[in-house]
file target_21.txt (compact mmCIF, C-alpha atoms (C1' of nucleotides))
# COMPACT_ATOMS: atom_id res chain seq x y z
CA MET A 1 -3.32 29.84 -99.12
CA PRO A 2 -0.48 31.99 -100.46
CA PRO A 3 -0.40 32.32 -104.24
CA THR A 4 1.35 29.43 -105.93
CA GLN A 5 2.84 31.39 -108.82
CA PRO A 6 5.47 34.09 -108.49
CA TYR A 7 4.54 37.36 -110.16
CA HIS A 8 6.59 40.49 -110.22
CA HIS A 9 8.58 40.00 -107.09
CA GLY A 10 8.68 36.28 -106.68
CA ASP A 11 6.76 35.66 -103.54
CA LEU A 12 6.34 38.97 -101.83
CA ARG A 13 3.97 37.68 -99.19
CA GLN A 14 6.47 35.15 -97.93
CA ALA A 15 9.35 37.62 -98.19
CA VAL A 16 7.53 40.23 -96.13
CA LEU A 17 6.49 37.65 -93.57
CA THR A 18 10.04 36.40 -93.16
CA ALA A 19 11.42 39.91 -92.93
CA ALA A 20 8.77 40.79 -90.37
CA VAL A 21 9.80 37.89 -88.17
CA ALA A 22 13.41 38.96 -88.46
CA VAL A 23 12.62 42.52 -87.44
CA LEU A 24 10.44 41.32 -84.58
CA ASN A 25 13.27 39.16 -83.31
CA GLU A 26 15.70 42.04 -83.36
CA SER A 27 13.65 45.05 -82.40
CA GLY A 28 10.23 44.02 -81.15
CA PRO A 29 6.78 44.83 -82.46
CA ALA A 30 7.01 48.53 -81.67
CA GLN A 31 9.70 49.06 -84.29
CA LEU A 32 7.92 47.08 -86.99
CA SER A 33 7.00 49.18 -89.99
CA LEU A 34 5.32 48.09 -93.20
CA ARG A 35 7.32 50.65 -95.12
CA ASP A 36 10.59 49.30 -93.77
CA LEU A 37 9.61 45.78 -94.76
CA ALA A 38 8.76 47.05 -98.22
CA ARG A 39 12.17 48.66 -98.49
CA ARG A 40 13.87 45.44 -97.44
CA ALA A 41 11.97 43.52 -100.07
CA GLY A 42 12.79 46.14 -102.69
CA VAL A 43 9.20 47.00 -103.48
CA SER A 44 7.13 50.12 -103.16
CA HIS A 45 5.83 51.24 -99.80
CA ALA A 46 2.25 50.15 -100.43
CA ALA A 47 2.96 46.70 -101.82
CA PRO A 48 2.73 44.77 -98.52
CA ALA A 49 -0.71 46.18 -97.82
CA HIS A 50 -2.07 44.30 -100.81
CA HIS A 51 -1.17 40.96 -99.22
CA PHE A 52 -2.01 41.67 -95.60
CA GLY A 53 -4.49 44.51 -95.82
CA ASP A 54 -2.99 46.35 -92.92
CA LYS A 55 -0.46 46.05 -90.13
CA ALA A 56 -2.82 44.02 -87.98
CA GLY A 57 -3.24 41.68 -90.93
CA LEU A 58 0.49 41.09 -91.11
CA LEU A 59 0.67 40.36 -87.41
CA THR A 60 -2.34 38.07 -87.75
CA ALA A 61 -0.36 36.05 -90.27
CA VAL A 62 2.59 35.95 -87.87
CA ALA A 63 0.35 34.77 -85.05
CA ALA A 64 -1.25 32.10 -87.21
CA GLN A 65 2.14 30.79 -88.26
CA GLY A 66 3.22 30.86 -84.65
CA TYR A 67 0.28 28.82 -83.42
CA GLN A 68 0.87 26.30 -86.18
CA LEU A 69 4.53 25.96 -85.24
CA LEU A 70 3.60 25.66 -81.57
CA ALA A 71 0.99 23.00 -82.25
CA ASP A 72 3.49 21.03 -84.30
CA ALA A 73 6.16 21.29 -81.61
CA LEU A 74 3.80 20.25 -78.84
CA THR A 75 2.31 17.27 -80.66
CA ALA A 76 5.77 16.10 -81.63
CA ALA A 77 6.95 16.31 -78.02
CA GLN A 78 3.80 14.63 -76.80
CA GLN A 79 4.28 11.68 -79.13
CA ARG A 80 7.98 11.38 -78.51
CA HIS A 81 7.85 11.34 -74.71
CA ALA A 82 5.38 9.87 -72.32
CA ASP A 83 6.27 12.46 -69.70
CA PHE A 84 4.27 15.64 -69.87
CA LEU A 85 7.21 17.53 -68.52
CA GLU A 86 8.76 17.26 -71.96
CA VAL A 87 5.72 18.95 -73.46
CA GLY A 88 6.35 21.83 -71.07
CA VAL A 89 9.98 21.87 -72.11
CA ALA A 90 8.89 21.99 -75.73
CA TYR A 91 6.64 24.95 -74.90
CA VAL A 92 9.51 26.91 -73.41
CA ARG A 93 11.81 25.89 -76.21
CA PHE A 94 9.30 27.18 -78.73
CA ALA A 95 9.10 30.51 -76.93
CA VAL A 96 12.87 30.85 -76.94
CA ASP A 97 13.41 29.64 -80.48
CA HIS A 98 10.51 31.62 -81.94
CA ARG A 99 10.49 34.65 -79.73
CA ALA A 100 8.96 36.86 -82.41
CA HIS A 101 5.98 34.57 -82.94
CA PHE A 102 5.52 33.97 -79.24
CA GLU A 103 5.45 37.63 -78.34
CA VAL A 104 2.91 38.44 -81.00
CA MET A 105 0.68 35.46 -80.22
CA PHE A 106 0.03 36.58 -76.68
CA ARG A 107 -0.55 40.21 -77.51
CA PRO A 108 -4.07 40.04 -78.92
CA ASP A 109 -4.37 43.79 -79.23
CA LEU A 110 -1.82 43.70 -82.03
CA TYR A 111 -3.72 41.43 -84.39
CA ARG A 112 -7.13 39.81 -85.01
CA PRO A 113 -7.40 36.90 -82.58
CA ASP A 114 -10.71 35.77 -84.09
CA ASP A 115 -9.19 35.19 -87.50
CA PRO A 116 -10.28 31.66 -88.52
CA GLU A 117 -6.78 30.48 -89.40
CA VAL A 118 -5.51 31.69 -86.03
CA ALA A 119 -8.41 30.14 -84.17
CA THR A 120 -8.00 26.66 -85.62
CA ALA A 121 -4.23 26.62 -85.10
CA ARG A 122 -4.66 27.84 -81.53
CA GLN A 123 -7.21 25.13 -80.85
CA ARG A 124 -4.80 22.55 -82.21
CA ALA A 125 -2.06 23.82 -79.90
CA ALA A 126 -4.41 23.81 -76.92
CA ASP A 127 -5.41 20.22 -77.62
CA ALA A 128 -1.79 19.14 -77.75
CA LEU A 129 -1.08 20.90 -74.48
CA TYR A 130 -4.08 19.61 -72.56
CA GLY A 131 -3.70 16.18 -74.09
CA GLY A 132 -0.28 15.99 -72.49
CA VAL A 133 -1.67 17.06 -69.16
CA ARG A 134 -4.21 14.31 -69.11
CA SER A 135 -1.50 11.69 -68.79
CA VAL A 136 0.21 13.22 -65.79
CA ALA A 137 -3.00 14.07 -63.97
CA ALA A 138 -3.99 10.42 -64.14
CA THR A 139 -0.82 9.31 -62.36
CA GLY A 140 -1.05 11.19 -59.11
CA ARG A 141 -3.97 11.46 -56.74
CA GLY A 142 -4.17 14.73 -58.59
CA PRO A 143 -6.97 17.26 -58.67
CA ASP A 144 -9.21 17.52 -61.70
CA ILE A 145 -7.59 17.66 -65.06
CA PRO A 146 -8.46 21.19 -66.20
CA LEU A 147 -7.01 22.69 -63.04
CA ALA A 148 -3.79 20.74 -63.43
CA GLY A 149 -3.67 21.79 -67.05
CA VAL A 150 -4.07 25.43 -66.19
CA ALA A 151 -1.38 25.15 -63.54
CA ALA A 152 1.04 23.47 -65.92
CA TRP A 153 0.32 25.92 -68.70
CA SER A 154 0.65 28.88 -66.35
CA LEU A 155 3.97 27.62 -65.07
CA VAL A 156 5.62 27.08 -68.44
CA HIS A 157 4.07 30.20 -69.93
CA GLY A 158 5.19 32.36 -67.05
CA PHE A 159 8.62 30.81 -67.07
CA ALA A 160 9.00 31.40 -70.79
CA THR A 161 7.83 35.00 -70.51
CA LEU A 162 10.11 35.81 -67.60
CA TRP A 163 13.02 34.07 -69.28
CA LEU A 164 12.58 36.13 -72.42
CA ASN A 165 12.45 39.29 -70.33
CA HIS A 166 15.69 38.40 -68.57
CA ALA A 167 13.76 38.72 -65.32
CA LEU A 168 14.91 35.45 -63.77
CA PRO A 169 17.94 35.03 -61.51
CA THR A 170 21.15 34.18 -63.29
CA THR A 171 21.69 31.16 -61.08
CA LEU A 172 19.46 29.20 -63.45
CA GLY A 173 22.22 29.17 -66.02
CA ASP A 174 21.82 29.95 -69.68
CA ASP A 175 20.15 26.82 -71.00
CA PRO A 176 16.38 27.18 -70.96
CA GLU A 177 15.76 23.45 -71.34
CA THR A 178 17.56 22.30 -68.22
CA ALA A 179 16.20 25.25 -66.29
CA THR A 180 12.69 24.37 -67.34
CA ARG A 181 13.13 20.76 -66.27
CA ALA A 182 14.38 21.84 -62.86
CA VAL A 183 11.56 24.28 -62.28
CA ALA A 184 8.73 22.27 -63.80
CA ALA A 185 9.75 19.20 -61.84
CA ILE A 186 8.61 21.01 -58.70
CA LEU A 187 5.04 21.23 -59.95
CA PHE A 188 4.86 17.55 -60.74
CA HIS A 189 7.06 16.67 -57.73
CA THR A 190 8.90 14.01 -59.64
CA THR A 191 12.16 15.14 -58.11
CA MET B 1 11.15 63.58 -57.41
CA PRO B 2 8.35 65.38 -59.25
CA PRO B 3 8.33 69.13 -58.77
CA THR B 4 6.63 70.21 -55.57
CA GLN B 5 5.26 73.52 -56.82
CA PRO B 6 2.52 73.83 -59.42
CA TYR B 7 3.40 76.15 -62.29
CA HIS B 8 1.30 76.96 -65.27
CA HIS B 9 -0.80 73.86 -65.49
CA GLY B 10 -0.96 72.72 -61.92
CA ASP B 11 0.85 69.44 -62.03
CA LEU B 12 1.21 68.44 -65.62
CA ARG B 13 3.53 65.56 -64.90
CA GLN B 14 0.99 63.86 -62.70
CA ALA B 15 -1.87 64.67 -65.05
CA VAL B 16 -0.10 63.14 -68.03
CA LEU B 17 0.91 60.08 -66.04
CA THR B 18 -2.65 59.48 -64.88
CA ALA B 19 -4.03 60.00 -68.36
CA ALA B 20 -1.42 57.63 -69.76
CA VAL B 21 -2.50 54.89 -67.37
CA ALA B 22 -6.11 55.46 -68.35
CA VAL B 23 -5.33 55.18 -72.05
CA LEU B 24 -3.20 52.09 -71.46
CA ASN B 25 -6.05 50.45 -69.60
CA GLU B 26 -8.50 51.15 -72.38
CA SER B 27 -6.47 50.77 -75.54
CA GLY B 28 -3.08 49.28 -74.82
CA PRO B 29 0.41 50.64 -75.36
CA ALA B 30 0.17 50.66 -79.15
CA GLN B 31 -2.49 53.37 -79.11
CA LEU B 32 -0.66 55.59 -76.63
CA SER B 33 0.31 58.96 -78.08
CA LEU B 34 2.05 61.81 -76.36
CA ARG B 35 0.09 64.27 -78.45
CA ASP B 36 -3.20 62.73 -77.40
CA LEU B 37 -2.19 62.96 -73.75
CA ALA B 38 -1.27 66.59 -74.30
CA ARG B 39 -4.69 67.26 -75.79
CA ARG B 40 -6.40 65.58 -72.83
CA ALA B 41 -4.44 67.75 -70.43
CA GLY B 42 -5.21 70.85 -72.46
CA VAL B 43 -1.60 71.74 -73.17
CA SER B 44 0.45 72.02 -76.30
CA HIS B 45 1.69 68.95 -78.11
CA ALA B 46 5.28 69.24 -76.91
CA ALA B 47 4.58 69.91 -73.25
CA PRO B 48 4.75 66.30 -72.03
CA ALA B 49 8.17 65.84 -73.56
CA HIS B 50 9.57 68.35 -71.12
CA HIS B 51 8.65 66.16 -68.17
CA PHE B 52 9.43 62.75 -69.60
CA GLY B 53 11.86 63.59 -72.35
CA ASP B 54 10.62 60.88 -74.51
CA LYS B 55 7.83 58.33 -74.97
CA ALA B 56 10.10 55.73 -73.41
CA GLY B 57 10.58 58.15 -70.54
CA LEU B 58 6.85 58.27 -69.92
CA LEU B 59 6.59 54.49 -69.96
CA THR B 60 9.61 54.32 -67.66
CA ALA B 61 7.66 56.40 -65.16
CA VAL B 62 4.68 54.08 -65.55
CA ALA B 63 6.87 51.04 -64.98
CA ALA B 64 8.50 52.58 -61.92
CA GLN B 65 5.14 53.39 -60.42
CA GLY B 66 3.99 49.88 -61.24
CA TYR B 67 6.92 48.22 -59.48
CA GLN B 68 6.36 50.41 -56.45
CA LEU B 69 2.68 49.47 -56.32
CA LEU B 70 3.57 45.81 -56.77
CA ALA B 71 6.18 45.90 -54.03
CA ASP B 72 3.68 47.53 -51.68
CA ALA B 73 0.99 44.99 -52.49
CA LEU B 74 3.32 42.02 -52.04
CA THR B 75 4.81 43.17 -48.74
CA ALA B 76 1.34 43.93 -47.41
CA ALA B 77 0.14 40.45 -48.35
CA GLN B 78 3.28 38.87 -46.95
CA GLN B 79 2.82 40.55 -43.59
CA ARG B 80 -0.90 39.94 -43.41
CA HIS B 81 -0.81 36.21 -44.17
CA ALA B 82 1.65 33.56 -43.20
CA ASP B 83 0.75 31.52 -46.26
CA PHE B 84 2.77 32.30 -49.36
CA LEU B 85 -0.20 31.40 -51.50
CA GLU B 86 -1.72 34.73 -50.51
CA VAL B 87 1.34 36.51 -51.87
CA GLY B 88 0.69 34.78 -55.16
CA VAL B 89 -2.93 35.83 -54.99
CA ALA B 90 -1.80 39.40 -54.38
CA TYR B 91 0.45 39.15 -57.44
CA VAL B 92 -2.42 38.14 -59.68
CA ARG B 93 -4.70 40.69 -58.10
CA PHE B 94 -2.16 43.39 -58.82
CA ALA B 95 -1.97 42.33 -62.46
CA VAL B 96 -5.76 42.44 -62.81
CA ASP B 97 -6.26 45.66 -60.86
CA HIS B 98 -3.34 47.47 -62.50
CA ARG B 99 -3.36 45.95 -65.92
CA ALA B 100 -1.78 49.00 -67.54
CA HIS B 101 1.21 49.02 -65.20
CA PHE B 102 1.62 45.26 -65.38
CA GLU B 103 1.68 45.13 -69.14
CA VAL B 104 4.27 47.87 -69.40
CA MET B 105 6.49 46.48 -66.65
CA PHE B 106 7.07 43.22 -68.48
CA ARG B 107 7.67 44.76 -71.87
CA PRO B 108 11.21 46.08 -71.42
CA ASP B 109 11.52 47.13 -75.04
CA LEU B 110 9.00 49.90 -74.35
CA TYR B 111 10.94 51.72 -71.66
CA ARG B 112 14.35 51.92 -69.96
CA PRO B 113 14.61 48.96 -67.60
CA ASP B 114 17.93 50.15 -66.18
CA ASP B 115 16.45 53.39 -64.90
CA PRO B 116 17.55 53.66 -61.25
CA GLU B 117 14.07 54.32 -59.91
CA VAL B 118 12.76 51.30 -61.77
CA ALA B 119 15.63 49.12 -60.65
CA THR B 120 15.21 49.84 -56.94
CA ALA B 121 11.45 49.36 -57.01
CA ARG B 122 11.84 46.13 -58.93
CA GLN B 123 14.36 44.88 -56.42
CA ARG B 124 11.97 45.71 -53.61
CA ALA B 125 9.21 43.75 -55.32
CA ALA B 126 11.52 40.80 -55.90
CA ASP B 127 12.51 40.76 -52.25
CA ALA B 128 8.89 40.71 -51.18
CA LEU B 129 8.15 37.87 -53.55
CA TYR B 130 11.12 35.70 -52.66
CA GLY B 131 10.71 36.48 -48.99
CA GLY B 132 7.31 34.90 -49.16
CA VAL B 133 8.68 31.84 -50.88
CA ARG B 134 11.20 31.20 -48.16
CA SER B 135 8.43 30.38 -45.70
CA VAL B 136 6.72 27.79 -47.84
CA ALA B 137 9.91 26.15 -49.03
CA ALA B 138 10.83 25.52 -45.42
CA THR B 139 7.64 23.58 -44.74
CA GLY B 140 7.90 20.80 -47.32
CA ARG B 141 10.84 18.55 -48.00
CA GLY B 142 11.13 21.01 -50.83
CA PRO B 143 14.00 21.59 -53.18
CA ASP B 144 16.25 24.60 -52.85
CA ILE B 145 14.63 27.93 -52.30
CA PRO B 146 15.47 29.79 -55.49
CA LEU B 147 14.02 27.03 -57.63
CA ALA B 148 10.81 27.01 -55.64
CA GLY B 149 10.69 30.78 -55.92
CA VAL B 150 11.10 30.68 -59.66
CA ALA B 151 8.41 28.03 -59.93
CA ALA B 152 5.99 30.03 -57.81
CA TRP B 153 6.74 33.25 -59.63
CA SER B 154 6.41 31.57 -63.02
CA LEU B 155 3.07 30.08 -62.05
CA VAL B 156 1.44 33.27 -60.85
CA HIS B 157 3.00 35.36 -63.59
CA GLY B 158 1.87 33.00 -66.30
CA PHE B 159 -1.57 32.72 -64.79
CA ALA B 160 -1.92 36.48 -64.61
CA THR B 161 -0.72 36.93 -68.19
CA LEU B 162 -3.02 34.27 -69.58
CA TRP B 163 -5.92 35.58 -67.53
CA LEU B 164 -5.46 39.07 -68.91
CA ASN B 165 -5.34 37.68 -72.44
CA HIS B 166 -8.59 35.76 -71.92
CA ALA B 167 -6.68 32.66 -72.90
CA LEU B 168 -7.84 30.47 -70.02
CA PRO B 169 -10.88 28.19 -70.09
CA THR B 170 -14.09 29.79 -68.90
CA THR B 171 -14.66 26.99 -66.41
CA LEU B 172 -12.43 28.90 -63.99
CA GLY B 173 -15.18 31.43 -63.39
CA ASP B 174 -14.76 35.16 -63.43
CA ASP B 175 -13.09 35.82 -60.09
CA PRO B 176 -9.31 35.83 -60.45
CA GLU B 177 -8.69 35.42 -56.72
CA THR B 178 -10.52 32.16 -56.24
CA ALA B 179 -9.17 30.85 -59.53
CA THR B 180 -5.65 31.67 -58.44
CA ARG B 181 -6.11 29.89 -55.13
CA ALA B 182 -7.38 26.78 -56.88
CA VAL B 183 -4.54 26.70 -59.39
CA ALA B 184 -1.72 27.75 -57.11
CA ALA B 185 -2.75 25.21 -54.51
CA ILE B 186 -1.64 22.51 -56.91
CA LEU B 187 1.94 23.72 -56.85
CA PHE B 188 2.13 23.75 -53.09
CA HIS B 189 -0.13 20.69 -52.81
CA THR B 190 -1.92 22.06 -49.79
CA THR B 191 -5.23 20.83 -51.16
C1' DA C 1 -6.26 38.92 -129.64
C1' DG C 2 -8.34 40.52 -125.85
C1' DT C 3 -10.51 40.58 -121.44
C1' DA C 4 -10.25 39.83 -116.57
C1' DC C 5 -7.50 39.84 -112.65
C1' DA C 6 -3.85 39.84 -109.29
C1' DT C 7 0.10 42.41 -108.36
C1' DC C 8 2.62 46.40 -107.68
C1' DT C 9 3.46 51.76 -108.13
C1' DT C 10 2.65 56.52 -107.36
C1' DG C 11 0.58 60.11 -104.93
C1' DT C 12 -1.59 61.85 -101.03
C1' DC C 13 -3.60 62.69 -96.28
C1' DG C 14 -3.76 62.92 -91.33
C1' DG C 15 -1.26 61.68 -87.36
C1' DT C 16 2.95 60.97 -84.58
C1' DG C 17 7.69 61.44 -82.21
C1' DA C 18 11.49 64.24 -81.86
C1' DC C 19 13.86 68.40 -81.96
C1' DA C 20 14.81 73.56 -81.89
C1' DA C 21 13.81 78.12 -80.70
C1' DG C 22 11.15 81.27 -78.44
C1' DA C 23 7.52 83.01 -75.11
C1' DT C 24 5.82 83.03 -70.28
C1' DG C 25 5.77 83.17 -65.53
C1' DG C 26 7.56 82.22 -60.87
C1' DT C 27 11.90 82.52 -57.72
C1' DG C 28 15.49 84.30 -55.55
C1' DC C 29 19.14 87.58 -55.12
C1' DG C 30 21.15 92.14 -55.15
C1' DC D 1 12.24 97.22 -55.99
C1' DG D 2 14.57 95.56 -60.03
C1' DC D 3 16.60 92.05 -62.43
C1' DA D 4 18.55 87.86 -63.82
C1' DC D 5 17.69 83.00 -63.84
C1' DC D 6 15.29 78.99 -64.77
C1' DA D 7 11.50 75.74 -65.09
C1' DT D 8 7.51 75.43 -67.74
C1' DC D 9 5.06 75.60 -71.79
C1' DT D 10 4.26 77.13 -76.93
C1' DT D 11 5.09 77.36 -81.72
C1' DG D 12 7.10 75.63 -85.73
C1' DT D 13 9.25 72.16 -88.28
C1' DC D 14 10.99 67.62 -90.15
C1' DA D 15 10.96 62.80 -91.22
C1' DC D 16 8.40 58.82 -90.74
C1' DC D 17 4.37 55.97 -90.66
C1' DG D 18 -0.34 53.71 -91.77
C1' DA D 19 -4.08 53.96 -94.68
C1' DC D 20 -6.36 54.96 -98.84
C1' DA D 21 -7.19 55.90 -103.90
C1' DA D 22 -6.09 55.66 -108.59
C1' DG D 23 -3.39 54.03 -112.08
C1' DA D 24 0.23 51.07 -114.35
C1' DT D 25 2.04 46.41 -115.31
C1' DG D 26 2.38 41.79 -116.00
C1' DT D 27 -0.11 37.08 -116.07
C1' DA D 28 -3.68 33.77 -117.12
C1' DC D 29 -7.47 32.24 -119.49
C1' DT D 30 -10.58 32.11 -123.31
call {"tool": "encode", "arguments": {"input": "target_21.txt", "output": "structure tokens"}}
result
Amino acid sequence: MPPTQPYHHGDLRQAVLTAAVAVLNESGPAQLSLRDLARRAGVSHAAPAHHFGDKAGLLTAVAAQGYQLLADALTAAQQRHADFLEVGVAYVRFAVDHRAHFEVMFRPDLYRPDDPEVATARQRAADALYGGVRSVAATGRGPDIPLAGVAAWSLVHGFATLWLNHALPTTLGDDPETATRAVAAILFHTT
Amino acid sequence: MPPTQPYHHGDLRQAVLTAAVAVLNESGPAQLSLRDLARRAGVSHAAPAHHFGDKAGLLTAVAAQGYQLLADALTAAQQRHADFLEVGVAYVRFAVDHRAHFEVMFRPDLYRPDDPEVATARQRAADALYGGVRSVAATGRGPDIPLAGVAAWSLVHGFATLWLNHALPTTLGDDPETATRAVAAILFHTT
DNA sequence: AGTACATCTTGTCGGTGACAAGATGGTGCG
DNA sequence: CGCACCATCTTGTCACCGACAAGATGTACT
């Protein structure tokens, strides 16, 4: 849906979006400023507003992109591995690799969560996540599927959040993948 | 550590802190403004800065208070119930009942996480949480304690976060306590 | 050629955080 | 009692930001 033809700048929308993700990765959403992004792109201070309407619009675009990336990552992991644990690992890996997107996605007060593009991408990600759960819930004498899905999602989401906040003990090491496998294995007691 | 004697206003520090929590509960951290808090307290726009130095200073005070409340809630739950699951329930209940504190606490870019008051309260909360884990890890043929603690913490933290974001399916009902019991029971397979 | 349009610029307004300097009032000490 | 000290609060200011309006510029299409 971005314009196909470069005009004055080239592709300002994409440039601003990329710069926004970079700033978010370095400094967090509180430091994000449309005027700063405009300066980085070498355009006037009001140029970004034309593409995103307002700051919430920019963050809506970030969230939409994030949900699309997450859905892609989860479906890929789901198809590559039979084990749902790897879908959980992919979830944490996404959070670590795309911290900026992840932090915006789960801060609905910063953007417009009911944006149609966001909603469809989020639904796609949810399907990939719950689809992976269905397989593992069928193996054990497990409880009903939605509950197991919520438990699995809560575990990996909480782990990712705490990992990003440096709140977890250092004994877990510095590789989020192996740490996730160790911790998530407890939930599915496949140790 | 706040001043014991009221001066001009009465107790401006406490008034601003309370108002800040109220605003955070209603509108989130992005809408928080020192000048607005000053207006609500009926003082000049620069008065709050004297007590907190800085916006980050105000949020540091909120985070410190939050960690103290959390530590109190967790130790109370730990002493009242033998089951660790109830500590997890208390964790989620704290997040729901003190949403403003919870959201600030786990957003370290908003305040000064290395503030001594914050650090001690956080340590106290962590002790209460991990102390509860030790009991349950001893029951099962469970893996080592820190891993189980991280898993339990991740689960309740993720559940609380997702619950606050209205990201969870509506089939869980509207009572966070019962929902937490149902979901957390899966991890400790005491169903 | 000329119109329609998306893109970008310039200018402006109210609001905010941070800082500096000064006014105000309580506290304690001689 | 007088006075100096200090915490508290006020006033004033500056740079920055988001949002909006109006105009300029380049592109596409007829």
call {"tool": "residues_around", "arguments": {"input": "target_21.txt", "residues": "Lys55 in chain A", "least_positions_apart": "3", "cutoff": "7 Å", "atoms": "all atoms listed in the file", "output": "NGL selection string"}}
result
:A and (34 or 58-59)
call {"tool": "residues_around", "arguments": {"input": "target_21.txt", "residues": "range 74-83 of chain B", "least_positions_apart": "2", "cutoff": "7 Å", "atoms": "all atoms listed in the file", "output": "compact mmCIF listing (two decimals) with C-alpha atoms, in the coordinates of the input"}}
result
# COMPACT_ATOMS: atom_id res chain seq x y z
CA LEU B 70 3.57 45.81 -56.77
CA ALA B 71 6.18 45.90 -54.03
CA ASP B 72 3.68 47.53 -51.68
CA LEU B 85 -0.20 31.40 -51.50
CA GLU B 86 -1.72 34.73 -50.51
CA VAL B 87 1.34 36.51 -51.87
CA ALA B 90 -1.80 39.40 -54.38
CA TYR B 91 0.45 39.15 -57.44
CA ALA B 125 9.21 43.75 -55.32
CA ALA B 128 8.89 40.71 -51.18
CA LEU B 129 8.15 37.87 -53.55
CA GLY B 132 7.31 34.90 -49.16
call {"tool": "closest_atom_pairs", "arguments": {"input": "target_21.txt", "of": "chain D", "to": "chain B", "cutoff": "8 Å", "atoms": "only C-alpha atoms (C1' of nucleotides)", "output": "CSV"}}
result
residue,atom,partner,partner_atom,distance
D:DT8,C1',B:His8,CA,6.9
D:DC9,C1',B:Ala47,CA,5.9
D:DT10,C1',B:Ser44,CA,6.4
call {"tool": "write_last_selection", "arguments": {"input": "target_21.txt", "atoms": "C-alpha atoms (C1' of nucleotides)", "output": "mmCIF file, in the coordinates of the input"}}
result
data_model
loop_
_atom_site.group_PDB
_atom_site.id
_atom_site.type_symbol
_atom_site.label_atom_id
_atom_site.label_comp_id
_atom_site.auth_asym_id
_atom_site.auth_seq_id
_atom_site.Cartn_x
_atom_site.Cartn_y
_atom_site.Cartn_z
ATOM 1 C "C1'" DT D 8 7.510 75.430 -67.740
ATOM 2 C "C1'" DC D 9 5.060 75.600 -71.790
ATOM 3 C "C1'" DT D 10 4.260 77.130 -76.930
#
call {"tool": "residues_near_point", "arguments": {"input": "target_21.txt", "point": "(-8.0, 54.1, -95.3)", "cutoff": "10 Å", "atoms": "only C-alpha atoms (C1' of nucleotides)", "output": "PyMOL selection string"}}
result
(chain A and resi 54) or (chain C and resi 13) or (chain D and resi 18-21)
call {"tool": "closest_atom_pairs", "arguments": {"input": "target_21.txt", "of": "chain C", "to": "chain A", "cutoff": "7 Å", "atoms": "only C-alpha atoms (C1' of nucleotides)", "output": "Markdown table"}}
result
| residue | atom | partner | partner_atom | distance |
| --- | --- | --- | --- | --- |
| C:DT7 | C1' | A:Tyr7 | CA | 7.0 |
| C:DC8 | C1' | A:Ala47 | CA | 5.9 |
| C:DT9 | C1' | A:Ser44 | CA | 6.4 |
call {"tool": "interface_residues", "arguments": {"input": "target_21.txt", "of": "chain A", "to": "chain B", "cutoff": "6 Å", "atoms": "all atoms listed in the file", "output": "list of chain:residue names"}}
result
A:Leu147, A:Ala151, A:Ser154, A:Leu155, A:His157, A:Gly158, A:Phe159, A:Val183, A:Leu187
call {"tool": "atom_distance", "arguments": {"input": "target_21.txt", "atom1": "CA of Pro113 in chain B", "atom2": "CA of Ala56 in chain B"}}
result
10.0 Å
call {"tool": "axis_aligned_box", "arguments": {"input": "target_21.txt", "around": "range 13-26 of chain B", "padding_each_side": "5 Å", "output": "JSON"}}
result
{"center_x": -2.5, "center_y": 58.0, "center_z": -67.5, "size_x": 22.0, "size_y": 25.1, "size_z": 19.7}
call {"tool": "atom_distance", "arguments": {"input": "target_21.txt", "atom1": "C1' of DT3 in chain C", "atom2": "CA of Gly53 in chain A"}}
result
26.6 Å
call {"tool": "residues_near_point", "arguments": {"input": "target_21.txt", "point": "(10.4, 63.6, -82.8)", "cutoff": "9 Å", "atoms": "only C-alpha atoms (C1' of nucleotides)", "output": "NGL selection string"}}
result
(:B and (54)) or (:C and (16-19)) or (:D and (14-15))
call {"tool": "build_atoms", "arguments": {"input": "target_21.txt", "residues": "range 62-69 of chain A", "atoms": "N, CA and C atoms", "output": "short mmCIF file (atom, residue, chain, number, x, y, z; two decimals), in the frame of the given file"}}
result
data_model
loop_
_atom_site.label_atom_id
_atom_site.label_comp_id
_atom_site.auth_asym_id
_atom_site.auth_seq_id
_atom_site.Cartn_x
_atom_site.Cartn_y
_atom_site.Cartn_z
N VAL A 62 1.51 36.40 -88.75
CA VAL A 62 2.59 35.95 -87.87
C VAL A 62 2.03 35.08 -86.75
N ALA A 63 0.94 35.53 -86.15
CA ALA A 63 0.35 34.77 -85.05
C ALA A 63 -0.14 33.40 -85.53
N ALA A 64 -0.76 33.37 -86.69
CA ALA A 64 -1.25 32.10 -87.21
C ALA A 64 -0.09 31.13 -87.43
N GLN A 65 0.96 31.63 -88.06
CA GLN A 65 2.14 30.79 -88.26
C GLN A 65 2.70 30.32 -86.93
N GLY A 66 2.70 31.21 -85.97
CA GLY A 66 3.22 30.86 -84.65
C GLY A 66 2.42 29.75 -83.99
N TYR A 67 1.10 29.86 -84.04
CA TYR A 67 0.28 28.82 -83.42
C TYR A 67 0.45 27.49 -84.14
N GLN A 68 0.64 27.54 -85.45
CA GLN A 68 0.87 26.30 -86.18
C GLN A 68 2.20 25.67 -85.75
N LEU A 69 3.23 26.49 -85.67
CA LEU A 69 4.53 25.96 -85.24
C LEU A 69 4.44 25.41 -83.82
#
